[in-house]
Structures are given as C-alpha cells and as structure tokens.
file work26.pdb (PDB, C-alpha atoms)
ATOM      1  CA  MET R   1     193.147 147.744 128.585
ATOM      2  CA  LYS R   2     191.278 148.248 125.346
ATOM      3  CA  VAL R   3     187.580 147.439 125.631
ATOM      4  CA  LYS R   4     184.936 147.454 122.905
ATOM      5  CA  ILE R   5     181.429 148.505 123.994
ATOM      6  CA  THR R   6     178.517 148.130 121.597
ATOM      7  CA  TYR R   7     175.261 149.991 122.259
ATOM      8  CA  GLU R   8     171.910 149.093 120.741
ATOM      9  CA  GLU R   9     168.660 151.010 120.958
ATOM     10  CA  ILE R  10     165.392 149.399 120.006
ATOM     11  CA  LEU R  11     162.631 151.700 118.830
ATOM     12  CA  THR R  12     159.092 150.439 118.441
ATOM     13  CA  LYS R  13     156.037 151.972 116.818
ATOM     14  CA  GLU R  14     152.824 150.203 115.895
ATOM     15  CA  ILE R  15     150.695 151.514 113.020
ATOM     16  CA  ASP R  16     147.585 150.405 111.124
ATOM     17  CA  VAL R  17     147.641 150.655 107.318
ATOM     18  CA  GLU R  18     145.576 149.427 104.395
ATOM     19  CA  ILE R  19     147.397 147.572 101.634
ATOM     20  CA  LYS R  20     146.338 145.903  98.378
ATOM     21  CA  ASP R  21     145.428 142.221  98.718
ATOM     22  CA  ASP R  22     147.967 141.178  96.072
ATOM     23  CA  MET R  23     150.947 142.969  97.678
ATOM     24  CA  PRO R  24     153.297 140.921  99.895
ATOM     25  CA  VAL R  25     153.056 142.405 103.395
ATOM     26  CA  ASP R  26     156.801 142.141 104.119
ATOM     27  CA  ASP R  27     157.645 143.993 100.876
ATOM     28  CA  PHE R  28     155.140 146.712 101.767
ATOM     29  CA  ALA R  29     156.482 147.082 105.328
ATOM     30  CA  ARG R  30     160.093 147.330 104.125
ATOM     31  CA  LYS R  31     159.290 149.882 101.391
ATOM     32  CA  PHE R  32     157.036 151.900 103.723
ATOM     33  CA  TYR R  33     159.971 152.332 106.121
ATOM     34  CA  GLN R  34     162.588 152.907 103.398
ATOM     35  CA  ASP R  35     160.396 155.613 101.825
ATOM     36  CA  GLU R  36     160.368 157.323 105.256
ATOM     37  CA  LYS R  37     156.587 157.153 105.541
ATOM     38  CA  ILE R  38     157.133 156.004 109.121
ATOM     39  CA  VAL R  39     159.803 157.711 111.218
ATOM     40  CA  LEU R  40     160.874 156.391 114.594
ATOM     41  CA  THR R  41     161.998 158.932 117.186
ATOM     42  CA  ALA R  42     163.344 158.930 120.734
ATOM     43  CA  ASP R  43     159.707 158.948 121.902
ATOM     44  CA  ASP R  44     159.472 155.389 120.511
ATOM     45  CA  LEU R  45     162.400 154.105 122.589
ATOM     46  CA  GLN R  46     161.606 150.752 124.153
ATOM     47  CA  THR R  47     164.936 149.405 125.360
ATOM     48  CA  THR R  48     168.643 150.146 125.321
ATOM     49  CA  SER R  49     171.309 147.499 125.746
ATOM     50  CA  PHE R  50     175.066 147.227 125.719
ATOM     51  CA  MET R  51     177.623 144.472 125.233
ATOM     52  CA  ILE R  52     181.241 144.543 126.415
ATOM     53  CA  GLU R  53     184.163 142.719 124.818
ATOM     54  CA  THR R  54     187.742 142.592 126.113
ATOM     55  CA  PRO R  55     190.703 140.629 124.769
ATOM     56  CA  ASP R  56     189.967 137.900 127.365
ATOM     57  CA  TRP R  57     186.184 137.993 127.656
ATOM     58  CA  SER R  58     183.034 138.596 125.642
ATOM     59  CA  GLY R  59     179.850 139.449 127.495
ATOM     60  CA  ASP R  60     176.222 139.125 126.566
ATOM     61  CA  TRP R  61     173.714 141.931 125.976
ATOM     62  CA  SER R  62     172.775 143.802 129.185
ATOM     63  CA  LYS R  63     169.805 146.148 129.436
ATOM     64  CA  ILE R  64     170.385 149.685 130.659
TER      65      ILE R  64
END

call {"tool": "encode", "arguments": {"input": "work26.pdb", "output": "structure tokens"}}
result
Amino acid sequence: MKVKITYEEILTKEIDVEIKDDMPVDDFARKFYQDEKIVLTADDLQTTSFMIETPDWSGDWSKI
C-alpha cells in the first residue's frame, strides 16, 4: 500500500527589536526574516507533527 506521510516542524524564537514608527510591522518582520537577520535552528524546535494519507483515508495532524 502506498502511503503519503507529511512531516512539519515548528520553530519558534522571540526577539525584541526597534523599528521606525512609520514602518508597517508585518513588512518589517517579513523582511527581517528574509534578509536572514534572524535564523531559526534546531534549538528553537517547539513541536513536530505528522499527517498520514492513504488511498482510503486521510488523517489529521498528530504530534510526535
């Protein structure tokens, strides 16, 4: 039987930064990450989940 298993890892890191008052916070947060000014590592691992799908059945996310 062919089974598809999807894994998802959620990494979390909280930081404090100063930004200009006129800059949209969501734009800053996205660019800050894309510019690799914040790097998440295995030390930041919070949770790992998996989901299983078969031809007859599709499961929900399960935590490891």

call {"tool": "residues_around", "arguments": {"input": "work26.pdb", "residues": "segment 30-38 of chain R", "least_positions_apart": "3", "cutoff": "10 Å", "atoms": "all atoms listed in the file", "output": "ChimeraX atom specification"}}
result
/R:13-15,25-27,41

call {"tool": "resolve_selection", "arguments": {"input": "work26.pdb", "expression": "the PyMOL selection byres ((chain R and resi 9) around 7)", "output": "PyMOL selection string"}}
result
chain R and resi 7-8+10-11+47-49

call {"tool": "write_last_selection", "arguments": {"input": "work26.pdb", "atoms": "C-alpha atoms", "output": "PDB file, in the frame of the given file"}}
result
ATOM      1  CA  TYR R   7     175.261 149.991 122.259  1.00  0.00           C
ATOM      2  CA  GLU R   8     171.910 149.093 120.741  1.00  0.00           C
ATOM      3  CA  ILE R  10     165.392 149.399 120.006  1.00  0.00           C
ATOM      4  CA  LEU R  11     162.631 151.700 118.830  1.00  0.00           C
ATOM      5  CA  THR R  47     164.936 149.405 125.360  1.00  0.00           C
ATOM      6  CA  THR R  48     168.643 150.146 125.321  1.00  0.00           C
ATOM      7  CA  SER R  49     171.309 147.499 125.746  1.00  0.00           C
TER       8      SER R  49
END

call {"tool": "axis_aligned_box", "arguments": {"input": "work26.pdb", "around": "segment 39-49 of chain R", "padding_each_side": "6 Å", "output": "AutoDock Vina command-line options"}}
result
--center_x 165.4 --center_y 153.2 --center_z 118.5 --size_x 23.8 --size_y 23.4 --size_z 26.5

call {"tool": "resolve_selection", "arguments": {"input": "work26.pdb", "expression": "the PyMOL selection byres ((chain R and resi 62) around 6)", "output": "PyMOL selection string"}}
result
chain R and resi 49-50+61+63

call {"tool": "atom_distance", "arguments": {"input": "work26.pdb", "atom1": "atom CA of Ala42 of chain R", "atom2": "atom CA of Thr6 of chain R"}}
result
18.6 Å

call {"tool": "resolve_selection", "arguments": {"input": "work26.pdb", "expression": "the PyMOL selection byres ((chain R and resi 4) around 8)", "output": "list of chain:residue names"}}
result
R:Lys2, R:Val3, R:Ile5, R:Thr6, R:Ile52, R:Glu53, R:Thr54

call {"tool": "write_last_selection", "arguments": {"input": "work26.pdb", "atoms": "C-alpha atoms", "output": "PDB file, in the coordinates of the input"}}
result
ATOM      1  CA  LYS R   2     191.278 148.248 125.346  1.00  0.00           C
ATOM      2  CA  VAL R   3     187.580 147.439 125.631  1.00  0.00           C
ATOM      3  CA  ILE R   5     181.429 148.505 123.994  1.00  0.00           C
ATOM      4  CA  THR R   6     178.517 148.130 121.597  1.00  0.00           C
ATOM      5  CA  ILE R  52     181.241 144.543 126.415  1.00  0.00           C
ATOM      6  CA  GLU R  53     184.163 142.719 124.818  1.00  0.00           C
ATOM      7  CA  THR R  54     187.742 142.592 126.113  1.00  0.00           C
TER       8      THR R  54
END

call {"tool": "atom_distance", "arguments": {"input": "work26.pdb", "atom1": "atom CA of Leu40 of chain R", "atom2": "atom CA of Met23 of chain R"}}
result
23.8 Å

call {"tool": "atom_distance", "arguments": {"input": "work26.pdb", "atom1": "atom CA of Asp16 of chain R", "atom2": "atom CA of Val39 of chain R"}}
result
14.2 Å

call {"tool": "decode", "arguments": {"input": "work26.pdb", "residues": "segment 30-56 of chain R", "atoms": "N, CA, C and O atoms", "output": "PDB file, in the first residue's frame"}}
result
ATOM      1  N   ARG R  30       8.636  40.416   8.025  1.00  0.00           N
ATOM      2  CA  ARG R  30       8.877  39.563   6.855  1.00  0.00           C
ATOM      3  C   ARG R  30      10.275  39.812   6.285  1.00  0.00           C
ATOM      4  O   ARG R  30      11.036  38.893   6.020  1.00  0.00           O
ATOM      5  N   LYS R  31      10.622  41.096   6.088  1.00  0.00           N
ATOM      6  CA  LYS R  31      11.925  41.446   5.514  1.00  0.00           C
ATOM      7  C   LYS R  31      13.062  41.046   6.450  1.00  0.00           C
ATOM      8  O   LYS R  31      14.097  40.573   6.011  1.00  0.00           O
ATOM      9  N   PHE R  32      12.877  41.224   7.742  1.00  0.00           N
ATOM     10  CA  PHE R  32      13.892  40.866   8.737  1.00  0.00           C
ATOM     11  C   PHE R  32      14.251  39.383   8.603  1.00  0.00           C
ATOM     12  O   PHE R  32      15.411  39.006   8.616  1.00  0.00           O
ATOM     13  N   TYR R  33      13.228  38.543   8.441  1.00  0.00           N
ATOM     14  CA  TYR R  33      13.453  37.104   8.282  1.00  0.00           C
ATOM     15  C   TYR R  33      14.063  36.799   6.917  1.00  0.00           C
ATOM     16  O   TYR R  33      15.027  36.037   6.812  1.00  0.00           O
ATOM     17  N   GLN R  34      13.520  37.392   5.862  1.00  0.00           N
ATOM     18  CA  GLN R  34      14.013  37.124   4.503  1.00  0.00           C
ATOM     19  C   GLN R  34      15.462  37.567   4.326  1.00  0.00           C
ATOM     20  O   GLN R  34      16.205  36.970   3.558  1.00  0.00           O
ATOM     21  N   ASP R  35      15.864  38.611   5.019  1.00  0.00           N
ATOM     22  CA  ASP R  35      17.256  39.093   4.966  1.00  0.00           C
ATOM     23  C   ASP R  35      18.175  38.281   5.873  1.00  0.00           C
ATOM     24  O   ASP R  35      19.334  38.626   6.055  1.00  0.00           O
ATOM     25  N   GLU R  36      17.639  37.220   6.474  1.00  0.00           N
ATOM     26  CA  GLU R  36      18.384  36.310   7.350  1.00  0.00           C
ATOM     27  C   GLU R  36      19.010  37.012   8.555  1.00  0.00           C
ATOM     28  O   GLU R  36      20.080  36.652   9.015  1.00  0.00           O
ATOM     29  N   LYS R  37      18.327  38.034   9.060  1.00  0.00           N
ATOM     30  CA  LYS R  37      18.794  38.697  10.274  1.00  0.00           C
ATOM     31  C   LYS R  37      18.374  37.903  11.509  1.00  0.00           C
ATOM     32  O   LYS R  37      18.891  38.118  12.589  1.00  0.00           O
ATOM     33  N   ILE R  38      17.407  37.013  11.328  1.00  0.00           N
ATOM     34  CA  ILE R  38      17.021  36.073  12.373  1.00  0.00           C
ATOM     35  C   ILE R  38      17.093  34.681  11.747  1.00  0.00           C
ATOM     36  O   ILE R  38      16.603  34.466  10.654  1.00  0.00           O
ATOM     37  N   VAL R  39      17.769  33.771  12.409  1.00  0.00           N
ATOM     38  CA  VAL R  39      17.915  32.411  11.889  1.00  0.00           C
ATOM     39  C   VAL R  39      17.412  31.445  12.954  1.00  0.00           C
ATOM     40  O   VAL R  39      17.866  31.466  14.090  1.00  0.00           O
ATOM     41  N   LEU R  40      16.456  30.623  12.560  1.00  0.00           N
ATOM     42  CA  LEU R  40      15.921  29.616  13.470  1.00  0.00           C
ATOM     43  C   LEU R  40      16.723  28.333  13.315  1.00  0.00           C
ATOM     44  O   LEU R  40      17.086  27.948  12.205  1.00  0.00           O
ATOM     45  N   THR R  41      17.011  27.690  14.441  1.00  0.00           N
ATOM     46  CA  THR R  41      17.802  26.459  14.434  1.00  0.00           C
ATOM     47  C   THR R  41      17.047  25.355  15.166  1.00  0.00           C
ATOM     48  O   THR R  41      15.973  25.588  15.728  1.00  0.00           O
ATOM     49  N   ALA R  42      17.628  24.181  15.215  1.00  0.00           N
ATOM     50  CA  ALA R  42      17.020  23.057  15.925  1.00  0.00           C
ATOM     51  C   ALA R  42      16.821  23.379  17.407  1.00  0.00           C
ATOM     52  O   ALA R  42      15.938  22.811  18.057  1.00  0.00           O
ATOM     53  N   ASP R  43      17.613  24.277  17.955  1.00  0.00           N
ATOM     54  CA  ASP R  43      17.450  24.684  19.355  1.00  0.00           C
ATOM     55  C   ASP R  43      16.121  25.396  19.588  1.00  0.00           C
ATOM     56  O   ASP R  43      15.664  25.513  20.715  1.00  0.00           O
ATOM     57  N   ASP R  44      15.506  25.904  18.499  1.00  0.00           N
ATOM     58  CA  ASP R  44      14.243  26.629  18.592  1.00  0.00           C
ATOM     59  C   ASP R  44      13.036  25.730  18.343  1.00  0.00           C
ATOM     60  O   ASP R  44      11.915  26.201  18.266  1.00  0.00           O
ATOM     61  N   LEU R  45      13.262  24.423  18.230  1.00  0.00           N
ATOM     62  CA  LEU R  45      12.183  23.488  17.935  1.00  0.00           C
ATOM     63  C   LEU R  45      11.141  23.497  19.043  1.00  0.00           C
ATOM     64  O   LEU R  45      11.466  23.357  20.218  1.00  0.00           O
ATOM     65  N   GLN R  46       9.897  23.672  18.667  1.00  0.00           N
ATOM     66  CA  GLN R  46       8.803  23.685  19.622  1.00  0.00           C
ATOM     67  C   GLN R  46       7.931  22.445  19.504  1.00  0.00           C
ATOM     68  O   GLN R  46       7.532  21.871  20.499  1.00  0.00           O
ATOM     69  N   THR R  47       7.631  22.049  18.274  1.00  0.00           N
ATOM     70  CA  THR R  47       6.754  20.899  18.073  1.00  0.00           C
ATOM     71  C   THR R  47       7.003  20.279  16.704  1.00  0.00           C
ATOM     72  O   THR R  47       7.390  20.965  15.776  1.00  0.00           O
ATOM     73  N   THR R  48       6.789  18.988  16.623  1.00  0.00           N
ATOM     74  CA  THR R  48       6.874  18.260  15.368  1.00  0.00           C
ATOM     75  C   THR R  48       5.603  17.440  15.218  1.00  0.00           C
ATOM     76  O   THR R  48       5.147  16.822  16.173  1.00  0.00           O
ATOM     77  N   SER R  49       5.036  17.485  14.027  1.00  0.00           N
ATOM     78  CA  SER R  49       3.792  16.766  13.766  1.00  0.00           C
ATOM     79  C   SER R  49       3.907  15.975  12.477  1.00  0.00           C
ATOM     80  O   SER R  49       4.788  16.223  11.657  1.00  0.00           O
ATOM     81  N   PHE R  50       2.993  15.049  12.304  1.00  0.00           N
ATOM     82  CA  PHE R  50       2.915  14.316  11.043  1.00  0.00           C
ATOM     83  C   PHE R  50       1.454  14.076  10.695  1.00  0.00           C
ATOM     84  O   PHE R  50       0.566  14.095  11.546  1.00  0.00           O
ATOM     85  N   MET R  51       1.211  13.876   9.382  1.00  0.00           N
ATOM     86  CA  MET R  51      -0.110  13.560   8.889  1.00  0.00           C
ATOM     87  C   MET R  51       0.025  12.417   7.895  1.00  0.00           C
ATOM     88  O   MET R  51       0.955  12.400   7.095  1.00  0.00           O
ATOM     89  N   ILE R  52      -0.874  11.448   7.976  1.00  0.00           N
ATOM     90  CA  ILE R  52      -0.821  10.276   7.101  1.00  0.00           C
ATOM     91  C   ILE R  52      -2.023  10.284   6.167  1.00  0.00           C
ATOM     92  O   ILE R  52      -3.149  10.564   6.591  1.00  0.00           O
ATOM     93  N   GLU R  53      -1.761   9.987   4.888  1.00  0.00           N
ATOM     94  CA  GLU R  53      -2.825   9.845   3.905  1.00  0.00           C
ATOM     95  C   GLU R  53      -2.651   8.524   3.167  1.00  0.00           C
ATOM     96  O   GLU R  53      -1.550   8.178   2.763  1.00  0.00           O
ATOM     97  N   THR R  54      -3.727   7.780   3.021  1.00  0.00           N
ATOM     98  CA  THR R  54      -3.740   6.552   2.226  1.00  0.00           C
ATOM     99  C   THR R  54      -4.803   6.738   1.146  1.00  0.00           C
ATOM    100  O   THR R  54      -5.576   7.704   1.182  1.00  0.00           O
ATOM    101  N   PRO R  55      -4.885   5.817   0.196  1.00  0.00           N
ATOM    102  CA  PRO R  55      -5.926   5.947  -0.821  1.00  0.00           C
ATOM    103  C   PRO R  55      -7.346   5.974  -0.226  1.00  0.00           C
ATOM    104  O   PRO R  55      -8.248   6.568  -0.792  1.00  0.00           O
ATOM    105  N   ASP R  56      -7.538   5.340   0.927  1.00  0.00           N
ATOM    106  CA  ASP R  56      -8.871   5.238   1.533  1.00  0.00           C
ATOM    107  C   ASP R  56      -9.108   6.192   2.700  1.00  0.00           C
ATOM    108  O   ASP R  56     -10.239   6.298   3.193  1.00  0.00           O
TER     109      ASP R  56
END
